[in-house]
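Below is entry.txt, which holds compact mmCIF, N, CA and C atoms and all ligand atoms.
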```
# COMPACT_ATOMS: atom_id res chain seq x y z
N MET A 1 29.18 -101.65 -103.48
CA MET A 1 27.95 -102.39 -103.20
C MET A 1 26.83 -101.87 -104.11
N THR A 2 26.07 -102.80 -104.70
CA THR A 2 24.94 -102.36 -105.53
C THR A 2 23.84 -101.86 -104.61
N GLU A 3 23.39 -100.66 -104.89
CA GLU A 3 22.37 -100.06 -104.05
C GLU A 3 21.40 -99.29 -104.94
N THR A 4 20.29 -98.83 -104.35
CA THR A 4 19.33 -98.03 -105.11
C THR A 4 19.16 -96.68 -104.41
N THR A 5 18.89 -95.67 -105.23
CA THR A 5 18.69 -94.33 -104.70
C THR A 5 17.47 -93.71 -105.36
N LEU A 6 16.93 -92.66 -104.72
CA LEU A 6 15.85 -91.90 -105.36
C LEU A 6 16.44 -90.62 -105.93
N ILE A 7 16.18 -90.43 -107.23
CA ILE A 7 16.58 -89.20 -107.92
C ILE A 7 15.30 -88.49 -108.32
N LEU A 8 15.23 -87.18 -108.10
CA LEU A 8 14.12 -86.39 -108.62
C LEU A 8 14.68 -85.37 -109.59
N VAL A 9 14.08 -85.29 -110.78
CA VAL A 9 14.29 -84.11 -111.64
C VAL A 9 13.16 -83.18 -111.26
N LYS A 10 13.51 -82.09 -110.58
CA LYS A 10 12.51 -81.19 -110.01
C LYS A 10 11.79 -80.41 -111.12
N PRO A 11 10.70 -79.70 -110.76
CA PRO A 11 9.92 -79.02 -111.80
C PRO A 11 10.73 -78.06 -112.68
N ASP A 12 11.78 -77.45 -112.15
CA ASP A 12 12.58 -76.55 -113.01
C ASP A 12 13.26 -77.35 -114.12
N GLY A 13 13.73 -78.55 -113.80
CA GLY A 13 14.41 -79.39 -114.79
C GLY A 13 13.45 -79.91 -115.85
N VAL A 14 12.25 -80.35 -115.39
CA VAL A 14 11.26 -80.88 -116.34
C VAL A 14 10.81 -79.75 -117.27
N LYS A 15 10.51 -78.57 -116.68
CA LYS A 15 10.04 -77.42 -117.49
C LYS A 15 11.07 -76.97 -118.50
N ARG A 16 12.33 -77.03 -118.11
CA ARG A 16 13.39 -76.57 -119.02
C ARG A 16 13.80 -77.65 -120.03
N GLY A 17 13.14 -78.79 -119.99
CA GLY A 17 13.43 -79.84 -120.98
C GLY A 17 14.75 -80.54 -120.72
N LEU A 18 15.14 -80.63 -119.43
CA LEU A 18 16.44 -81.23 -119.10
C LEU A 18 16.33 -82.66 -118.58
N SER A 19 15.11 -83.24 -118.56
CA SER A 19 14.96 -84.61 -118.04
C SER A 19 15.85 -85.58 -118.81
N GLY A 20 15.85 -85.48 -120.13
CA GLY A 20 16.64 -86.38 -120.97
C GLY A 20 18.13 -86.22 -120.71
N GLU A 21 18.59 -84.98 -120.62
CA GLU A 21 20.01 -84.69 -120.38
C GLU A 21 20.45 -85.26 -119.01
N ILE A 22 19.58 -85.13 -118.02
CA ILE A 22 19.91 -85.62 -116.68
C ILE A 22 19.92 -87.15 -116.66
N LEU A 23 18.90 -87.77 -117.29
CA LEU A 23 18.89 -89.24 -117.38
C LEU A 23 20.10 -89.74 -118.17
N ARG A 24 20.47 -89.00 -119.20
CA ARG A 24 21.64 -89.38 -120.01
C ARG A 24 22.89 -89.43 -119.13
N ARG A 25 23.06 -88.42 -118.27
CA ARG A 25 24.25 -88.39 -117.40
C ARG A 25 24.23 -89.55 -116.39
N VAL A 26 23.04 -89.87 -115.90
CA VAL A 26 22.91 -90.98 -114.95
C VAL A 26 23.29 -92.29 -115.64
N GLU A 27 22.76 -92.50 -116.84
CA GLU A 27 23.04 -93.75 -117.57
C GLU A 27 24.48 -93.80 -118.07
N ALA A 28 25.02 -92.66 -118.48
CA ALA A 28 26.39 -92.63 -118.99
C ALA A 28 27.38 -93.03 -117.90
N LYS A 29 27.02 -92.74 -116.66
CA LYS A 29 27.87 -93.11 -115.52
C LYS A 29 27.78 -94.61 -115.24
N GLY A 30 26.75 -95.26 -115.77
CA GLY A 30 26.60 -96.71 -115.57
C GLY A 30 25.49 -97.07 -114.60
N TYR A 31 24.73 -96.07 -114.14
CA TYR A 31 23.61 -96.36 -113.25
C TYR A 31 22.39 -96.72 -114.09
N VAL A 32 21.55 -97.58 -113.52
CA VAL A 32 20.40 -98.10 -114.28
C VAL A 32 19.09 -97.58 -113.67
N PRO A 33 18.29 -96.85 -114.47
CA PRO A 33 16.97 -96.45 -113.96
C PRO A 33 16.07 -97.67 -113.94
N VAL A 34 15.61 -98.07 -112.75
CA VAL A 34 14.78 -99.28 -112.65
C VAL A 34 13.30 -98.94 -112.42
N ALA A 35 13.00 -97.68 -112.13
CA ALA A 35 11.61 -97.21 -112.07
C ALA A 35 11.65 -95.72 -112.41
N VAL A 36 10.74 -95.29 -113.26
CA VAL A 36 10.69 -93.88 -113.69
C VAL A 36 9.23 -93.48 -113.79
N GLU A 37 8.89 -92.34 -113.20
CA GLU A 37 7.50 -91.87 -113.30
C GLU A 37 7.45 -90.36 -113.25
N LEU A 38 6.68 -89.80 -114.17
CA LEU A 38 6.46 -88.35 -114.17
C LEU A 38 5.20 -88.08 -113.38
N ARG A 39 5.32 -87.32 -112.31
CA ARG A 39 4.11 -87.03 -111.53
C ARG A 39 4.22 -85.69 -110.81
N THR A 40 3.06 -85.11 -110.56
CA THR A 40 3.03 -83.86 -109.81
C THR A 40 2.89 -84.20 -108.34
N ALA A 41 3.76 -83.62 -107.52
CA ALA A 41 3.74 -83.89 -106.08
C ALA A 41 2.47 -83.32 -105.46
N THR A 42 2.23 -83.68 -104.21
CA THR A 42 1.12 -83.11 -103.43
C THR A 42 1.73 -82.55 -102.15
N PRO A 43 1.04 -81.63 -101.46
CA PRO A 43 1.57 -81.11 -100.19
C PRO A 43 1.86 -82.23 -99.19
N GLU A 44 1.01 -83.27 -99.18
CA GLU A 44 1.18 -84.37 -98.22
C GLU A 44 2.45 -85.16 -98.53
N LEU A 45 2.65 -85.44 -99.83
CA LEU A 45 3.85 -86.19 -100.22
C LEU A 45 5.11 -85.38 -99.88
N LEU A 46 5.05 -84.06 -100.10
CA LEU A 46 6.24 -83.23 -99.84
C LEU A 46 6.52 -83.11 -98.35
N ALA A 47 5.45 -83.10 -97.53
CA ALA A 47 5.66 -83.02 -96.08
C ALA A 47 6.39 -84.27 -95.59
N GLU A 48 6.13 -85.40 -96.24
CA GLU A 48 6.85 -86.63 -95.89
C GLU A 48 8.27 -86.59 -96.43
N HIS A 49 8.39 -86.25 -97.72
CA HIS A 49 9.71 -86.26 -98.36
C HIS A 49 10.66 -85.28 -97.69
N TYR A 50 10.13 -84.08 -97.37
CA TYR A 50 10.97 -83.03 -96.78
C TYR A 50 10.71 -82.87 -95.28
N ALA A 51 10.40 -83.98 -94.59
CA ALA A 51 10.06 -83.92 -93.16
C ALA A 51 11.10 -83.14 -92.36
N GLU A 52 12.39 -83.31 -92.70
CA GLU A 52 13.45 -82.65 -91.91
C GLU A 52 13.47 -81.12 -92.12
N HIS A 53 12.80 -80.64 -93.18
CA HIS A 53 12.83 -79.20 -93.48
C HIS A 53 11.55 -78.47 -93.07
N VAL A 54 10.51 -79.23 -92.62
CA VAL A 54 9.25 -78.59 -92.23
C VAL A 54 9.56 -77.53 -91.16
N GLY A 55 9.06 -76.31 -91.36
CA GLY A 55 9.27 -75.24 -90.38
C GLY A 55 10.47 -74.36 -90.68
N LYS A 56 11.35 -74.78 -91.59
CA LYS A 56 12.50 -73.92 -91.93
C LYS A 56 12.01 -72.77 -92.82
N PRO A 57 12.77 -71.65 -92.83
CA PRO A 57 12.29 -70.49 -93.59
C PRO A 57 12.06 -70.76 -95.07
N PHE A 58 12.81 -71.70 -95.64
CA PHE A 58 12.64 -71.94 -97.07
C PHE A 58 11.60 -73.02 -97.37
N TYR A 59 10.94 -73.56 -96.30
CA TYR A 59 10.05 -74.69 -96.55
C TYR A 59 8.84 -74.31 -97.43
N GLU A 60 8.16 -73.20 -97.11
CA GLU A 60 6.96 -72.83 -97.89
C GLU A 60 7.32 -72.55 -99.35
N PRO A 61 8.36 -71.71 -99.62
CA PRO A 61 8.74 -71.52 -101.03
C PRO A 61 9.20 -72.82 -101.70
N LEU A 62 9.80 -73.72 -100.93
CA LEU A 62 10.23 -75.01 -101.49
C LEU A 62 9.01 -75.81 -101.96
N VAL A 63 7.97 -75.85 -101.10
CA VAL A 63 6.75 -76.59 -101.45
C VAL A 63 6.08 -75.95 -102.67
N GLU A 64 6.01 -74.62 -102.66
CA GLU A 64 5.39 -73.90 -103.80
C GLU A 64 6.12 -74.25 -105.10
N PHE A 65 7.44 -74.25 -105.02
CA PHE A 65 8.26 -74.60 -106.19
C PHE A 65 8.01 -76.04 -106.62
N MET A 66 7.99 -76.97 -105.66
CA MET A 66 7.85 -78.39 -105.98
C MET A 66 6.44 -78.73 -106.48
N LEU A 67 5.46 -77.81 -106.21
CA LEU A 67 4.10 -78.04 -106.72
C LEU A 67 3.88 -77.34 -108.05
N SER A 68 4.90 -76.64 -108.56
CA SER A 68 4.70 -75.78 -109.73
C SER A 68 4.66 -76.53 -111.05
N GLY A 69 4.85 -77.84 -111.01
CA GLY A 69 4.80 -78.63 -112.24
C GLY A 69 5.22 -80.05 -111.92
N PRO A 70 5.20 -80.91 -112.92
CA PRO A 70 5.56 -82.31 -112.68
C PRO A 70 7.03 -82.50 -112.35
N THR A 71 7.29 -83.56 -111.60
CA THR A 71 8.64 -83.99 -111.21
C THR A 71 8.87 -85.36 -111.86
N LEU A 72 10.08 -85.59 -112.34
CA LEU A 72 10.41 -86.93 -112.85
C LEU A 72 11.10 -87.68 -111.71
N ALA A 73 10.41 -88.68 -111.18
CA ALA A 73 10.97 -89.48 -110.08
C ALA A 73 11.62 -90.73 -110.67
N ILE A 74 12.83 -91.02 -110.20
CA ILE A 74 13.62 -92.13 -110.77
C ILE A 74 14.19 -92.94 -109.62
N VAL A 75 14.04 -94.26 -109.69
CA VAL A 75 14.84 -95.12 -108.81
C VAL A 75 16.00 -95.60 -109.68
N ALA A 76 17.22 -95.32 -109.23
CA ALA A 76 18.40 -95.73 -109.99
C ALA A 76 19.20 -96.73 -109.17
N GLU A 77 19.76 -97.70 -109.88
CA GLU A 77 20.50 -98.78 -109.23
C GLU A 77 21.93 -98.77 -109.73
N GLY A 78 22.86 -99.11 -108.87
CA GLY A 78 24.25 -99.22 -109.32
C GLY A 78 25.21 -99.30 -108.14
N GLN A 79 26.43 -99.62 -108.48
CA GLN A 79 27.50 -99.68 -107.49
C GLN A 79 27.72 -98.27 -106.92
N GLY A 80 27.50 -98.10 -105.63
CA GLY A 80 27.76 -96.80 -105.00
C GLY A 80 26.92 -95.66 -105.53
N VAL A 81 25.70 -95.97 -106.01
CA VAL A 81 24.89 -94.92 -106.67
C VAL A 81 24.45 -93.81 -105.70
N ILE A 82 24.37 -94.12 -104.40
CA ILE A 82 23.87 -93.08 -103.47
C ILE A 82 24.88 -91.91 -103.41
N PRO A 83 26.15 -92.16 -102.99
CA PRO A 83 27.11 -91.04 -103.04
C PRO A 83 27.46 -90.65 -104.48
N GLY A 84 27.42 -91.64 -105.38
CA GLY A 84 27.81 -91.36 -106.77
C GLY A 84 26.89 -90.36 -107.43
N PHE A 85 25.58 -90.50 -107.22
CA PHE A 85 24.69 -89.52 -107.85
C PHE A 85 24.85 -88.16 -107.21
N ARG A 86 25.13 -88.12 -105.90
CA ARG A 86 25.31 -86.79 -105.27
C ARG A 86 26.56 -86.10 -105.84
N SER A 87 27.58 -86.89 -106.19
CA SER A 87 28.75 -86.29 -106.86
C SER A 87 28.37 -85.77 -108.24
N LEU A 88 27.59 -86.56 -108.98
CA LEU A 88 27.15 -86.10 -110.30
C LEU A 88 26.32 -84.82 -110.19
N ALA A 89 25.50 -84.73 -109.12
CA ALA A 89 24.59 -83.58 -108.97
C ALA A 89 25.36 -82.31 -108.61
N GLY A 90 26.40 -82.43 -107.79
CA GLY A 90 27.15 -81.25 -107.36
C GLY A 90 26.55 -80.60 -106.13
N ALA A 91 27.17 -79.54 -105.65
CA ALA A 91 26.75 -78.88 -104.42
C ALA A 91 25.30 -78.38 -104.52
N THR A 92 24.61 -78.37 -103.35
CA THR A 92 23.20 -77.96 -103.31
C THR A 92 22.99 -76.59 -103.94
N ASN A 93 23.88 -75.65 -103.62
CA ASN A 93 23.74 -74.29 -104.14
C ASN A 93 24.34 -74.22 -105.56
N PRO A 94 23.50 -73.99 -106.57
CA PRO A 94 23.98 -74.02 -107.95
C PRO A 94 25.17 -73.09 -108.21
N THR A 95 25.25 -72.00 -107.47
CA THR A 95 26.36 -71.06 -107.68
C THR A 95 27.68 -71.67 -107.23
N GLU A 96 27.60 -72.55 -106.22
CA GLU A 96 28.81 -73.17 -105.69
C GLU A 96 29.13 -74.52 -106.34
N ALA A 97 28.18 -75.06 -107.10
CA ALA A 97 28.37 -76.40 -107.69
C ALA A 97 29.47 -76.34 -108.76
N ALA A 98 30.33 -77.34 -108.75
CA ALA A 98 31.48 -77.35 -109.66
C ALA A 98 31.04 -77.57 -111.11
N PRO A 99 31.74 -76.94 -112.05
CA PRO A 99 31.52 -77.25 -113.46
C PRO A 99 31.72 -78.75 -113.68
N GLY A 100 30.94 -79.33 -114.57
CA GLY A 100 31.02 -80.78 -114.80
C GLY A 100 29.91 -81.52 -114.07
N THR A 101 29.34 -80.87 -113.04
CA THR A 101 28.21 -81.48 -112.33
C THR A 101 26.90 -80.99 -112.95
N ILE A 102 25.82 -81.72 -112.66
CA ILE A 102 24.51 -81.34 -113.22
C ILE A 102 24.17 -79.91 -112.80
N ARG A 103 24.30 -79.63 -111.49
CA ARG A 103 23.93 -78.28 -111.03
C ARG A 103 24.94 -77.24 -111.49
N GLY A 104 26.21 -77.61 -111.47
CA GLY A 104 27.25 -76.66 -111.89
C GLY A 104 27.11 -76.27 -113.35
N ASP A 105 26.72 -77.22 -114.18
CA ASP A 105 26.58 -76.93 -115.60
C ASP A 105 25.24 -76.32 -115.96
N LEU A 106 24.18 -76.72 -115.25
CA LEU A 106 22.84 -76.45 -115.78
C LEU A 106 21.90 -75.66 -114.86
N ALA A 107 22.15 -75.63 -113.53
CA ALA A 107 21.16 -75.02 -112.63
C ALA A 107 21.38 -73.52 -112.49
N ARG A 108 20.27 -72.81 -112.32
CA ARG A 108 20.31 -71.36 -112.13
C ARG A 108 19.52 -71.04 -110.87
N ASP A 109 20.05 -70.22 -109.99
CA ASP A 109 19.25 -69.85 -108.79
C ASP A 109 19.26 -68.36 -108.57
N TRP A 110 19.53 -67.61 -109.60
CA TRP A 110 19.69 -66.18 -109.43
C TRP A 110 18.39 -65.51 -109.00
N GLY A 111 18.45 -64.90 -107.81
CA GLY A 111 17.34 -64.08 -107.35
C GLY A 111 16.07 -64.84 -107.04
N LEU A 112 16.16 -66.14 -106.79
CA LEU A 112 14.95 -66.91 -106.51
C LEU A 112 14.81 -67.13 -105.01
N LYS A 113 13.55 -67.36 -104.56
CA LYS A 113 13.29 -67.54 -103.13
C LYS A 113 13.82 -68.86 -102.61
N VAL A 114 13.89 -69.83 -103.49
CA VAL A 114 14.35 -71.15 -103.09
C VAL A 114 15.32 -71.64 -104.16
N MET A 115 16.26 -72.45 -103.73
CA MET A 115 17.25 -72.94 -104.69
C MET A 115 16.59 -73.87 -105.71
N GLN A 116 16.58 -73.46 -106.93
CA GLN A 116 16.00 -74.29 -108.00
C GLN A 116 17.18 -75.06 -108.60
N ASN A 117 17.49 -76.15 -107.90
CA ASN A 117 18.76 -76.83 -108.19
C ASN A 117 18.58 -78.13 -108.98
N LEU A 118 17.50 -78.18 -109.75
CA LEU A 118 17.25 -79.22 -110.77
C LEU A 118 17.00 -80.62 -110.27
N VAL A 119 17.81 -81.08 -109.31
CA VAL A 119 17.71 -82.49 -108.93
C VAL A 119 17.77 -82.68 -107.42
N HIS A 120 17.27 -83.82 -107.01
CA HIS A 120 17.43 -84.29 -105.64
C HIS A 120 18.01 -85.69 -105.71
N GLY A 121 18.87 -86.02 -104.78
CA GLY A 121 19.36 -87.40 -104.67
C GLY A 121 19.42 -87.78 -103.20
N SER A 122 18.98 -88.99 -102.87
CA SER A 122 19.01 -89.45 -101.46
C SER A 122 20.42 -89.35 -100.91
N ASP A 123 20.54 -89.05 -99.59
CA ASP A 123 21.87 -88.84 -99.02
C ASP A 123 22.41 -90.02 -98.22
N SER A 124 21.63 -91.07 -98.04
CA SER A 124 22.10 -92.23 -97.28
C SER A 124 21.21 -93.43 -97.64
N GLU A 125 21.63 -94.61 -97.22
CA GLU A 125 20.80 -95.80 -97.47
C GLU A 125 19.44 -95.68 -96.80
N GLU A 126 19.44 -95.12 -95.58
CA GLU A 126 18.17 -94.97 -94.85
C GLU A 126 17.25 -94.01 -95.59
N SER A 127 17.81 -92.86 -96.03
CA SER A 127 16.99 -91.89 -96.78
C SER A 127 16.48 -92.50 -98.07
N ALA A 128 17.35 -93.26 -98.75
CA ALA A 128 16.94 -93.85 -100.02
C ALA A 128 15.74 -94.78 -99.80
N ALA A 129 15.82 -95.64 -98.79
CA ALA A 129 14.72 -96.58 -98.53
C ALA A 129 13.44 -95.81 -98.19
N ARG A 130 13.58 -94.77 -97.37
CA ARG A 130 12.41 -93.97 -96.95
C ARG A 130 11.80 -93.25 -98.14
N GLU A 131 12.66 -92.62 -98.95
CA GLU A 131 12.17 -91.79 -100.07
C GLU A 131 11.60 -92.65 -101.20
N ILE A 132 12.22 -93.81 -101.45
CA ILE A 132 11.68 -94.70 -102.50
C ILE A 132 10.28 -95.16 -102.07
N ALA A 133 10.10 -95.45 -100.78
CA ALA A 133 8.78 -95.90 -100.29
C ALA A 133 7.74 -94.79 -100.42
N ILE A 134 8.17 -93.52 -100.32
CA ILE A 134 7.23 -92.40 -100.45
C ILE A 134 6.81 -92.21 -101.91
N TRP A 135 7.77 -92.23 -102.81
CA TRP A 135 7.48 -91.93 -104.24
C TRP A 135 7.02 -93.15 -105.02
N PHE A 136 7.46 -94.34 -104.61
CA PHE A 136 7.11 -95.58 -105.32
C PHE A 136 6.69 -96.63 -104.30
N PRO A 137 5.47 -96.47 -103.71
CA PRO A 137 5.06 -97.38 -102.63
C PRO A 137 5.06 -98.85 -103.03
N ALA A 138 4.89 -99.12 -104.32
CA ALA A 138 4.81 -100.54 -104.75
C ALA A 138 6.18 -101.09 -105.16
N PHE A 139 7.24 -100.26 -105.07
CA PHE A 139 8.54 -100.71 -105.57
C PHE A 139 9.12 -101.85 -104.73
N GLN A 140 9.58 -102.88 -105.39
CA GLN A 140 10.21 -104.03 -104.71
C GLN A 140 11.51 -104.33 -105.43
N ARG A 141 12.52 -104.72 -104.68
CA ARG A 141 13.77 -105.12 -105.35
C ARG A 141 14.29 -106.37 -104.69
P1 LIG B 1 17.13 -80.81 -101.86
O1 LIG B 1 18.43 -81.54 -101.91
O2 LIG B 1 16.00 -81.35 -102.66
O3 LIG B 1 16.66 -80.65 -100.36
C1 LIG B 1 16.02 -79.51 -99.84
C2 LIG B 1 15.86 -78.43 -100.85
O4 LIG B 1 15.55 -77.16 -100.30
C3 LIG B 1 17.18 -78.22 -101.56
O5 LIG B 1 17.41 -79.30 -102.42
C4 LIG B 1 16.94 -76.85 -102.18
O6 LIG B 1 16.07 -76.91 -103.30
C5 LIG B 1 16.20 -76.14 -101.05
N1 LIG B 1 17.07 -75.44 -100.10
C6 LIG B 1 17.91 -76.01 -99.19
N2 LIG B 1 18.51 -75.07 -98.45
C7 LIG B 1 18.04 -73.87 -98.89
C8 LIG B 1 18.27 -72.53 -98.51
N3 LIG B 1 19.12 -72.22 -97.52
N4 LIG B 1 17.61 -71.56 -99.17
C9 LIG B 1 16.76 -71.87 -100.16
N5 LIG B 1 16.48 -73.13 -100.56
C10 LIG B 1 17.10 -74.12 -99.95
```
Target format structure tokens, applied to this file:
Amino acid sequence: MTETTLILVKPDGVKRGLSGEILRRVEAKGYVPVAVELRTATPELLAEHYAEHVGKPFYEPLVEFMLSGPTLAIVAEGQGVIPGFRSLAGATNPTEAAPGTIRGDLARDWGLKVMQNLVHGSDSEESAAREIAIWFPAFQR
């Protein structure tokens, strides 16, 4: 089924100059970026985006990390793109992510307070709709 997902290249990815490499992998798989914007998050936007993590021990360092520079927000469209991008991204923990995945090949989390795992991808249709509305309020498909 053709669906849309929200992908974020987090501040570690943008700072390290990996936005192009990550977009390349998304496009090489056959997914189409239909909206792309480079923007710096705000605490309010992150409280909405990460609502399920508010209050967890890693929440404050996560917010600090996500405010540390611009994020590349992407709406990508394609057949099965929601689970498909999560496969491309690999396991949340970069140390456990398989080689061949974005995190397995490129992410580093050694000795950091929060997992700097380069990318975020929506985990379900409901999350995708919610997250796209947060990052791209005017987006229509
Ligand atoms: P993401 O998929 O964007 O969703 C929540 C983020 O919090 C996650 O990627 C990581 O960056 C971070 N995170 C999740 N769990 C932990 C954890 N146990 N310790 C540190 N950071 C975490």
Task: Residues within 6.5 Å of ligand LIG 1 (chain B), counting only N, CA and C atoms and all ligand atoms, as a list in words - done: Phe58, Leu62, Thr92, Lys113, Val114, Met115, Gln116, Asn117, Val119, His120 and Gly121 of chain A
- [ ] Would you work out the distance separating atom C of Ser87 of chain A from atom C of Arg25 of chain A, expressed in Å to one decimal?
- [x]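 Calculated distance between atom C of Ser87 of chain A and atom C of Arg25 of chain A is 9.9 Å.
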- [ ] Have a look at atom CA of Ile134 of chain A and atom N of Glu3 of chain A and let me know their distance in Å, one decimal.
- [x]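 Atom CA of Ile134 of chain A sits 18.7 Å away from atom N of Glu3 of chain A.
Closest approach to Ala128 of chain A among A:Ile82, A:Arg103, A:Pro94, A:Tyr59: A:Ile82, based on all atoms listed in the file.
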Task: Top pick for closest residue to Phe139 of chain A, considering A:Ala98, A:Pro43, A:Ile74, A:His53 and counting only C-alpha atoms - done: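 Among the listed residues, A:Ile74 lies closest to Phe139 of chain A.
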